[in-house]
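Raw contents of final_12.tsv, TSV, C-alpha atoms:
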```tsv
chain	number	residue	atom	x	y	z
A	1	MET	CA	-38.21	-18.82	-1.53
A	2	LYS	CA	-38.75	-16.93	1.70
A	3	PRO	CA	-37.90	-18.97	4.83
A	4	ILE	CA	-40.93	-20.40	6.64
A	5	LEU	CA	-41.26	-20.77	10.41
A	6	TYR	CA	-42.72	-23.91	12.03
A	7	PRO	CA	-43.26	-25.03	15.64
A	8	ALA	CA	-40.71	-27.39	17.19
A	9	GLY	CA	-42.76	-30.54	16.69
A	10	GLU	CA	-43.51	-30.11	12.97
A	11	THR	CA	-42.61	-33.07	10.72
A	12	GLU	CA	-44.65	-32.63	7.53
A	13	PHE	CA	-43.90	-29.06	6.31
A	14	ARG	CA	-46.87	-29.09	3.93
A	15	ASN	CA	-48.21	-25.61	4.71
A	16	ASN	CA	-46.99	-22.17	5.72
A	17	GLY	CA	-46.68	-23.17	9.38
A	18	LEU	CA	-46.49	-20.16	11.67
A	19	GLY	CA	-45.82	-17.95	8.65
A	20	ARG	CA	-43.21	-16.81	6.16
A	21	LEU	CA	-40.26	-14.84	7.52
A	22	SER	CA	-40.48	-12.39	4.66
A	23	GLU	CA	-38.51	-9.61	6.34
A	24	ALA	CA	-35.27	-11.55	6.77
A	25	THR	CA	-32.34	-9.36	5.73
A	26	LYS	CA	-30.08	-12.41	5.36
A	27	CYS	CA	-30.65	-16.16	5.21
A	28	LEU	CA	-27.49	-18.12	4.45
A	29	VAL	CA	-27.19	-21.92	4.48
A	30	THR	CA	-23.71	-23.44	4.70
A	31	GLU	CA	-23.05	-27.13	4.12
A	32	GLU	CA	-19.72	-28.91	4.38
A	33	ARG	CA	-19.03	-32.29	2.81
A	34	ASN	CA	-19.80	-34.85	5.54
A	35	GLY	CA	-19.73	-32.00	8.02
A	36	ALA	CA	-21.61	-28.99	9.32
A	37	TYR	CA	-24.99	-28.09	7.81
A	38	GLU	CA	-26.30	-24.85	9.31
A	39	LEU	CA	-28.42	-21.78	8.67
A	40	GLU	CA	-27.76	-18.19	9.72
A	41	MET	CA	-30.54	-15.63	9.44
A	42	ARG	CA	-30.79	-11.95	10.37
A	43	TYR	CA	-34.22	-10.70	11.29
A	44	PRO	CA	-35.62	-7.37	12.56
A	45	VAL	CA	-37.24	-7.44	16.00
A	46	ASP	CA	-40.23	-5.57	14.59
A	47	GLY	CA	-40.57	-8.00	11.65
A	48	ILE	CA	-43.61	-10.18	11.11
A	49	HIS	CA	-43.60	-13.41	13.16
A	50	PHE	CA	-40.47	-12.38	15.09
A	51	SER	CA	-42.28	-13.08	18.37
A	52	ASP	CA	-42.86	-16.67	17.21
A	53	ILE	CA	-39.16	-17.46	16.78
A	54	PHE	CA	-38.07	-19.53	19.78
A	55	GLN	CA	-35.30	-21.98	20.63
A	56	ARG	CA	-35.93	-25.32	18.84
A	57	SER	CA	-38.51	-23.88	16.46
A	58	ILE	CA	-37.89	-24.88	12.83
A	59	ILE	CA	-37.03	-22.73	9.82
A	60	LEU	CA	-37.67	-24.24	6.39
A	61	ALA	CA	-35.30	-22.78	3.80
A	62	LYS	CA	-33.89	-23.67	0.39
A	63	PRO	CA	-30.21	-24.60	0.90
A	64	ASN	CA	-29.19	-24.11	-2.74
A	65	PRO	CA	-30.85	-23.57	-6.13
A	66	VAL	CA	-31.24	-27.32	-6.80
A	67	ASP	CA	-32.23	-29.16	-3.60
A	68	ASP	CA	-35.64	-29.19	-1.96
A	69	PRO	CA	-36.24	-26.85	1.02
A	70	GLN	CA	-34.76	-28.24	4.22
A	71	PRO	CA	-35.76	-27.84	7.91
A	72	PHE	CA	-33.29	-26.21	10.32
A	73	ARG	CA	-33.81	-26.23	14.09
A	74	VAL	CA	-33.07	-22.97	15.93
A	75	TYR	CA	-30.44	-23.32	18.65
A	76	ARG	CA	-29.35	-19.73	19.25
A	77	ILE	CA	-30.86	-16.25	19.00
A	78	THR	CA	-28.60	-13.29	19.70
A	79	SER	CA	-29.52	-10.12	21.55
A	80	PRO	CA	-30.79	-7.32	19.29
A	81	LEU	CA	-28.17	-5.09	17.69
A	82	SER	CA	-29.58	-2.03	15.94
A	83	GLY	CA	-32.96	-3.75	15.97
A	84	ILE	CA	-31.65	-6.91	14.26
A	85	VAL	CA	-31.09	-10.35	15.77
A	86	THR	CA	-29.08	-13.20	14.29
A	87	VAL	CA	-30.74	-16.60	14.40
A	88	TYR	CA	-28.61	-19.74	14.20
A	89	ALA	CA	-30.14	-23.09	13.26
A	90	GLU	CA	-28.80	-26.55	12.40
A	91	HIS	CA	-30.24	-29.10	10.01
A	92	ILE	CA	-32.97	-31.33	11.44
A	93	SER	CA	-30.59	-34.31	11.10
A	94	TYR	CA	-28.76	-32.98	14.17
A	95	ASP	CA	-31.73	-34.35	16.14
A	96	LEU	CA	-30.03	-37.72	15.66
A	97	SER	CA	-27.56	-36.64	18.36
A	98	GLY	CA	-30.39	-37.16	20.85
A	99	ILE	CA	-31.37	-40.63	19.61
A	100	PRO	CA	-29.23	-43.43	21.12
A	101	VAL	CA	-28.58	-46.68	19.29
A	102	SER	CA	-27.89	-49.99	21.05
A	103	PRO	CA	-24.78	-52.10	20.28
A	104	PHE	CA	-24.76	-54.13	17.06
A	105	THR	CA	-22.45	-55.53	14.39
A	106	ALA	CA	-22.76	-55.19	10.61
A	107	THR	CA	-20.74	-56.36	7.61
A	108	SER	CA	-21.92	-53.90	4.95
A	109	ALA	CA	-22.95	-50.27	4.68
A	110	ALA	CA	-26.54	-51.30	3.87
A	111	SER	CA	-26.85	-53.58	6.90
A	112	ALA	CA	-25.25	-50.94	9.14
A	113	MET	CA	-27.71	-48.26	8.00
A	114	ASP	CA	-30.64	-50.65	8.51
A	115	ALA	CA	-29.36	-51.59	11.96
A	116	LEU	CA	-29.07	-47.96	13.06
A	117	GLU	CA	-32.80	-47.57	12.56
A	118	ALA	CA	-33.73	-51.01	13.91
A	119	ASN	CA	-31.63	-50.65	17.07
A	120	ALA	CA	-32.65	-47.11	17.99
A	121	ALA	CA	-33.29	-47.07	21.75
A	122	VAL	CA	-36.11	-44.52	21.43
A	123	THR	CA	-38.55	-43.54	18.69
A	124	CYS	CA	-36.61	-42.58	15.55
A	125	PRO	CA	-38.44	-40.54	12.87
A	126	PHE	CA	-35.51	-40.88	10.45
A	127	THR	CA	-35.01	-43.39	7.64
A	128	PHE	CA	-31.66	-44.46	6.18
A	129	TRP	CA	-30.50	-45.30	2.64
A	130	THR	CA	-27.21	-46.10	0.93
A	131	ASP	CA	-25.80	-47.27	-2.40
A	132	VAL	CA	-22.33	-47.89	-0.94
A	133	THR	CA	-21.29	-51.51	-1.56
A	134	THR	CA	-18.06	-51.54	0.47
A	135	VAL	CA	-17.64	-54.71	2.53
A	136	ALA	CA	-16.18	-54.18	5.99
A	137	THR	CA	-16.97	-54.98	9.60
A	138	TYR	CA	-18.73	-52.35	11.66
A	139	THR	CA	-18.80	-52.99	15.40
A	140	GLN	CA	-20.47	-50.85	18.01
A	141	ALA	CA	-19.69	-52.10	21.47
A	142	THR	CA	-21.56	-49.56	23.58
A	143	PRO	CA	-24.68	-47.39	23.20
A	144	ALA	CA	-24.06	-44.09	21.41
A	145	SER	CA	-25.97	-41.41	19.53
A	146	ILE	CA	-26.87	-42.24	15.94
A	147	ARG	CA	-25.39	-38.95	14.68
A	148	GLN	CA	-22.04	-39.83	16.26
A	149	ARG	CA	-22.03	-43.33	14.82
A	150	LEU	CA	-22.80	-42.04	11.33
A	151	GLY	CA	-19.53	-40.11	11.23
A	152	GLY	CA	-17.03	-37.98	13.08
A	153	VAL	CA	-15.44	-40.65	15.28
A	154	GLU	CA	-13.04	-43.49	14.62
A	155	GLY	CA	-14.86	-46.67	13.63
A	156	SER	CA	-18.04	-44.87	12.53
A	157	VAL	CA	-20.11	-45.94	9.53
A	158	LEU	CA	-18.40	-43.28	7.41
A	159	ASP	CA	-14.98	-44.34	8.69
A	160	GLN	CA	-15.58	-48.01	7.85
A	161	PHE	CA	-17.41	-47.77	4.53
A	162	GLY	CA	-16.66	-44.30	3.09
A	163	GLY	CA	-19.08	-42.26	1.02
A	164	GLU	CA	-20.78	-38.87	1.09
A	165	TYR	CA	-23.82	-37.99	3.19
A	166	GLU	CA	-26.89	-36.18	1.95
A	167	TRP	CA	-29.23	-34.93	4.67
A	168	ASP	CA	-32.67	-34.73	3.10
A	169	ASN	CA	-35.31	-33.79	5.67
A	170	PHE	CA	-35.80	-36.94	7.78
A	171	THR	CA	-33.91	-39.19	5.36
A	172	VAL	CA	-30.19	-39.90	5.73
A	173	LYS	CA	-28.57	-40.91	2.44
A	174	LEU	CA	-25.02	-42.27	2.19
A	175	HIS	CA	-23.92	-42.02	-1.44
A	176	LYS	CA	-20.86	-43.51	-3.11
A	177	ASN	CA	-20.56	-40.10	-4.74
A	178	ARG	CA	-23.11	-37.44	-4.01
A	179	GLY	CA	-22.57	-35.34	-7.09
A	180	VAL	CA	-21.69	-35.87	-10.74
A	181	GLU	CA	-18.73	-34.60	-12.71
A	182	LYS	CA	-19.47	-31.91	-15.28
A	183	ASP	CA	-17.11	-30.30	-17.73
A	184	ILE	CA	-17.42	-26.85	-16.18
A	185	THR	CA	-14.38	-24.60	-16.05
A	186	LEU	CA	-14.04	-21.78	-13.55
A	187	ARG	CA	-11.68	-19.03	-14.71
A	188	TYR	CA	-11.12	-15.33	-14.34
A	189	GLY	CA	-12.75	-13.31	-17.09
A	190	LYS	CA	-15.47	-15.93	-17.51
A	191	ASN	CA	-17.25	-16.65	-14.23
A	192	ILE	CA	-14.88	-16.33	-11.24
A	193	THR	CA	-15.44	-13.22	-9.14
A	194	ASP	CA	-13.03	-14.06	-6.30
A	195	LEU	CA	-10.61	-16.82	-5.24
A	196	GLU	CA	-8.66	-17.28	-2.02
A	197	GLN	CA	-6.35	-20.14	-0.99
A	198	GLU	CA	-5.22	-20.70	2.58
A	199	GLU	CA	-2.73	-23.23	3.97
A	200	ASN	CA	-2.92	-23.73	7.72
A	201	ILE	CA	-0.46	-25.86	9.73
A	202	ALA	CA	-1.43	-24.55	13.18
A	203	ASN	CA	-3.16	-27.80	14.14
A	204	THR	CA	-1.30	-30.24	11.90
A	205	VAL	CA	-0.45	-33.38	13.88
A	206	THR	CA	2.83	-34.90	12.72
A	207	GLY	CA	3.07	-37.98	14.93
A	208	VAL	CA	1.63	-40.18	17.66
A	209	VAL	CA	2.88	-41.88	20.80
A	210	PRO	CA	1.17	-45.29	20.72
A	211	PHE	CA	0.59	-47.42	23.80
A	212	TRP	CA	-1.24	-50.55	24.94
A	213	ILE	CA	-2.28	-51.06	28.54
A	214	ASN	CA	-4.08	-53.70	30.58
A	215	THR	CA	-4.80	-52.27	34.01
A	216	ASP	CA	-6.10	-55.60	35.36
A	217	ARG	CA	-2.77	-57.31	34.74
A	218	SER	CA	-0.59	-54.23	35.21
A	219	GLU	CA	0.81	-54.74	31.70
A	220	SER	CA	1.74	-52.12	29.15
A	221	VAL	CA	3.58	-51.76	25.85
A	222	THR	CA	5.23	-48.64	24.43
A	223	LEU	CA	7.83	-48.04	21.74
A	224	PRO	CA	11.51	-47.58	22.61
A	225	GLU	CA	11.57	-44.60	20.21
A	226	LYS	CA	8.32	-43.38	21.83
A	227	ALA	CA	6.72	-41.83	18.74
A	228	VAL	CA	5.75	-42.71	15.17
A	229	TYR	CA	5.84	-39.81	12.73
A	230	ALA	CA	4.37	-39.00	9.33
A	231	SER	CA	6.73	-39.44	6.38
A	232	ASN	CA	7.04	-35.67	5.87
A	233	ALA	CA	7.41	-34.76	9.55
A	234	SER	CA	11.04	-33.70	9.02
A	235	SER	CA	9.81	-30.73	6.95
A	236	TYR	CA	8.30	-29.18	10.09
A	237	SER	CA	10.50	-27.22	12.49
A	238	THR	CA	8.32	-28.25	15.43
A	239	HIS	CA	6.11	-31.27	15.98
A	240	LEU	CA	2.58	-31.65	17.26
A	241	THR	CA	2.41	-35.16	18.69
A	242	GLU	CA	-0.55	-36.78	20.42
A	243	PRO	CA	-1.01	-40.02	22.40
A	244	LEU	CA	-2.65	-42.98	20.65
A	245	ASP	CA	-4.39	-45.56	22.82
A	246	LEU	CA	-4.36	-48.93	21.02
A	247	SER	CA	-5.54	-50.96	24.00
A	248	ALA	CA	-8.82	-51.86	22.30
A	249	GLU	CA	-7.00	-53.21	19.24
A	250	TYR	CA	-5.43	-56.18	21.01
A	251	ARG	CA	-7.01	-58.53	23.53
A	252	ASP	CA	-3.63	-60.02	24.45
A	253	LYS	CA	-0.39	-58.12	24.95
A	254	PRO	CA	1.01	-57.12	21.53
A	255	THR	CA	4.67	-57.06	20.57
A	256	VAL	CA	6.51	-53.79	20.09
A	257	GLU	CA	6.58	-54.44	16.34
A	258	GLN	CA	2.81	-55.03	16.23
A	259	LEU	CA	2.23	-51.78	18.10
A	260	ARG	CA	4.58	-49.89	15.79
A	261	THR	CA	2.94	-51.30	12.64
A	262	LYS	CA	-0.57	-50.51	13.88
A	263	ALA	CA	0.45	-46.94	14.75
A	264	GLN	CA	2.09	-46.42	11.35
A	265	ILE	CA	-1.04	-47.63	9.56
A	266	TYR	CA	-3.10	-45.21	11.64
A	267	VAL	CA	-0.78	-42.27	10.84
A	268	ASN	CA	-0.84	-43.05	7.12
A	269	LYS	CA	-4.62	-43.50	7.03
A	270	THR	CA	-5.47	-40.28	8.85
A	271	GLY	CA	-3.21	-38.08	6.74
A	272	PHE	CA	-1.05	-36.83	9.60
A	273	GLY	CA	1.57	-34.30	8.56
A	274	LEU	CA	-0.60	-32.76	5.85
A	275	PRO	CA	-1.50	-29.07	6.22
A	276	LYS	CA	-5.12	-28.02	6.03
A	277	ILE	CA	-5.62	-26.36	2.65
A	278	SER	CA	-8.82	-24.53	1.83
A	279	ILE	CA	-9.83	-22.79	-1.37
A	280	GLN	CA	-12.76	-20.41	-1.42
A	281	VAL	CA	-14.15	-19.59	-4.85
A	282	SER	CA	-16.90	-17.14	-5.63
A	283	PHE	CA	-18.35	-17.44	-9.11
A	284	ILE	CA	-21.39	-16.62	-11.20
A	285	ASN	CA	-23.59	-19.60	-12.03
A	286	LEU	CA	-23.75	-19.17	-15.80
A	287	ALA	CA	-26.89	-21.31	-15.94
A	288	ASP	CA	-28.72	-18.31	-14.46
A	289	THR	CA	-27.57	-15.90	-17.18
A	290	GLU	CA	-29.28	-15.03	-20.44
A	291	GLU	CA	-26.14	-15.64	-22.50
A	292	TYR	CA	-25.95	-19.31	-21.49
A	293	ARG	CA	-29.69	-20.02	-21.51
A	294	ASP	CA	-29.51	-22.41	-24.49
A	295	ILE	CA	-26.74	-24.58	-22.97
A	296	LEU	CA	-28.02	-24.43	-19.38
A	297	PRO	CA	-27.68	-28.20	-18.72
A	298	LEU	CA	-23.97	-27.97	-19.48
A	299	GLN	CA	-23.35	-25.01	-17.19
A	300	GLU	CA	-25.58	-25.77	-14.20
A	301	CYS	CA	-23.54	-26.15	-11.02
A	302	SER	CA	-24.79	-26.78	-7.51
```

Structure re-expressed in structure tokens:
Amino acid sequence: MKPILYPAGETEFRNNGLGRLSEATKCLVTEERNGAYELEMRYPVDGIHFSDIFQRSIILAKPNPVDDPQPFRVYRITSPLSGIVTVYAEHISYDLSGIPVSPFTATSAASAMDALEANAAVTCPFTFWTDVTTVATYTQATPASIRQRLGGVEGSVLDQFGGEYEWDNFTVKLHKNRGVEKDITLRYGKNITDLEQEENIANTVTGVVPFWINTDRSESVTLPEKAVYASNASSYSTHLTEPLDLSAEYRDKPTVEQLRTKAQIYVNKTGFGLPKISIQVSFINLADTEEYRDILPLQECS
């Protein structure tokens, strides 16, 4: 489908809005698992409806062959280069960054998702759903944005209960598993057109320096060895070590052993010492080809 432009306040997306952006030379949606969800579009300055594209206007576009069209809010428009501008937009769910939620406590993913909506400090047009059954305690001590509390910080809903987010218009869905496993093989000579693997250790943290402090009583606890390292830290010639404030973990002064144990659990849980490995695969979706038309359900991949 051609991307469709809407004014900033649109919520229904049931018509053609301000018009179809039919002269877009590129419209690419990128979504990361539990991460960024953005749109990049290139558009000629003399194209139809170009003059209607403003900051915070909304572009409705299909993010992949399977999902419904999704709204993306414009946050940046570049200066023209050879008569073409690049428009950057982020999924409408990023609006949750501007909706604060008051403190609350929950003991399940379902109750936490319900409480995010119920405790919104301002009008919240979003609804929340989950099928995650993990039992854990979620505590939010201070007001914060809903988007932040959903994931991306220690102690967030995602951090406490796990799962995979699906951002579907104004509905936030936290799935146990967002997709399904299919017996599809990617291989050269069949459907792979390109494959690149990259291992990056530039920002790999190998250890932490934990501490506890109570400024009111002028008390503090540190480790005699200073740092706690990942089990494979010795394989690195240099170390990237960061401080770890555990003051909020203990009301009363902890022992050195308690501090060491808590820091080690944190290091193990966060995967410190592991390089960032990324694999980029380009392949032909065989479900779209004539040869595989009769077995399309077995080859469809999204």

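Non-sequential neighbours of segment 22-35 of chain A (distance at most 9 Å, separation of 4 or more positions within a chain, only C-alpha atoms) are Lys2, Pro3, Ile4, Leu39, Glu40, Met41, Arg42, Tyr43, Pro44, Gly47, Ile48, Ala61, Lys62, Pro63, Asn64, Ile84, Gly151, Gly152, Leu158, Gly163, Glu164, Tyr165 and Glu166 of chain A.
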
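If all atoms listed in the file are the atoms counted, then among A:Glu300, A:Asp46, A:Asp131, A:Glu38 the closest residue to Val87 of chain A is A:Glu38.
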
Nearest-residue call for Lys262 of chain A, choices A:Pro80, A:Tyr37, A:Ile284, A:Leu223, using all atoms listed in the file: A:Leu223

Best match for closeness to Leu259 of chain A among A:Pro224, A:Pro125, A:Pro69, A:Gly273, counting only C-alpha atoms: A:Pro224

Polymer residues at most 12 Å from Gln258 of chain A, only C-alpha atoms, same-chain spacing of 6 or more positions, as a PyMOL selection string: chain A and resi 210-212+221-223+246+249-250+252+264-265

Among the residues A:Ser57, A:Thr107, A:Ser97, A:Ser145, the one that comes closest to Phe161 of chain A [using all atoms listed in the file]: A:Thr107

Given only C-alpha atoms as the counted atoms, nearest of A:Glu198, A:Glu242, A:Asp183, A:Glu219 to Pro254 of chain A: A:Glu219

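Interatomic distance, atom CA of Pro100 of chain A to atom CA of Phe54 of chain A: 25.5 Å.
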
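One distance worth recording is that between atom CA of Lys173 of chain A and atom CA of Ala118 of chain A, which is 16.1 Å.
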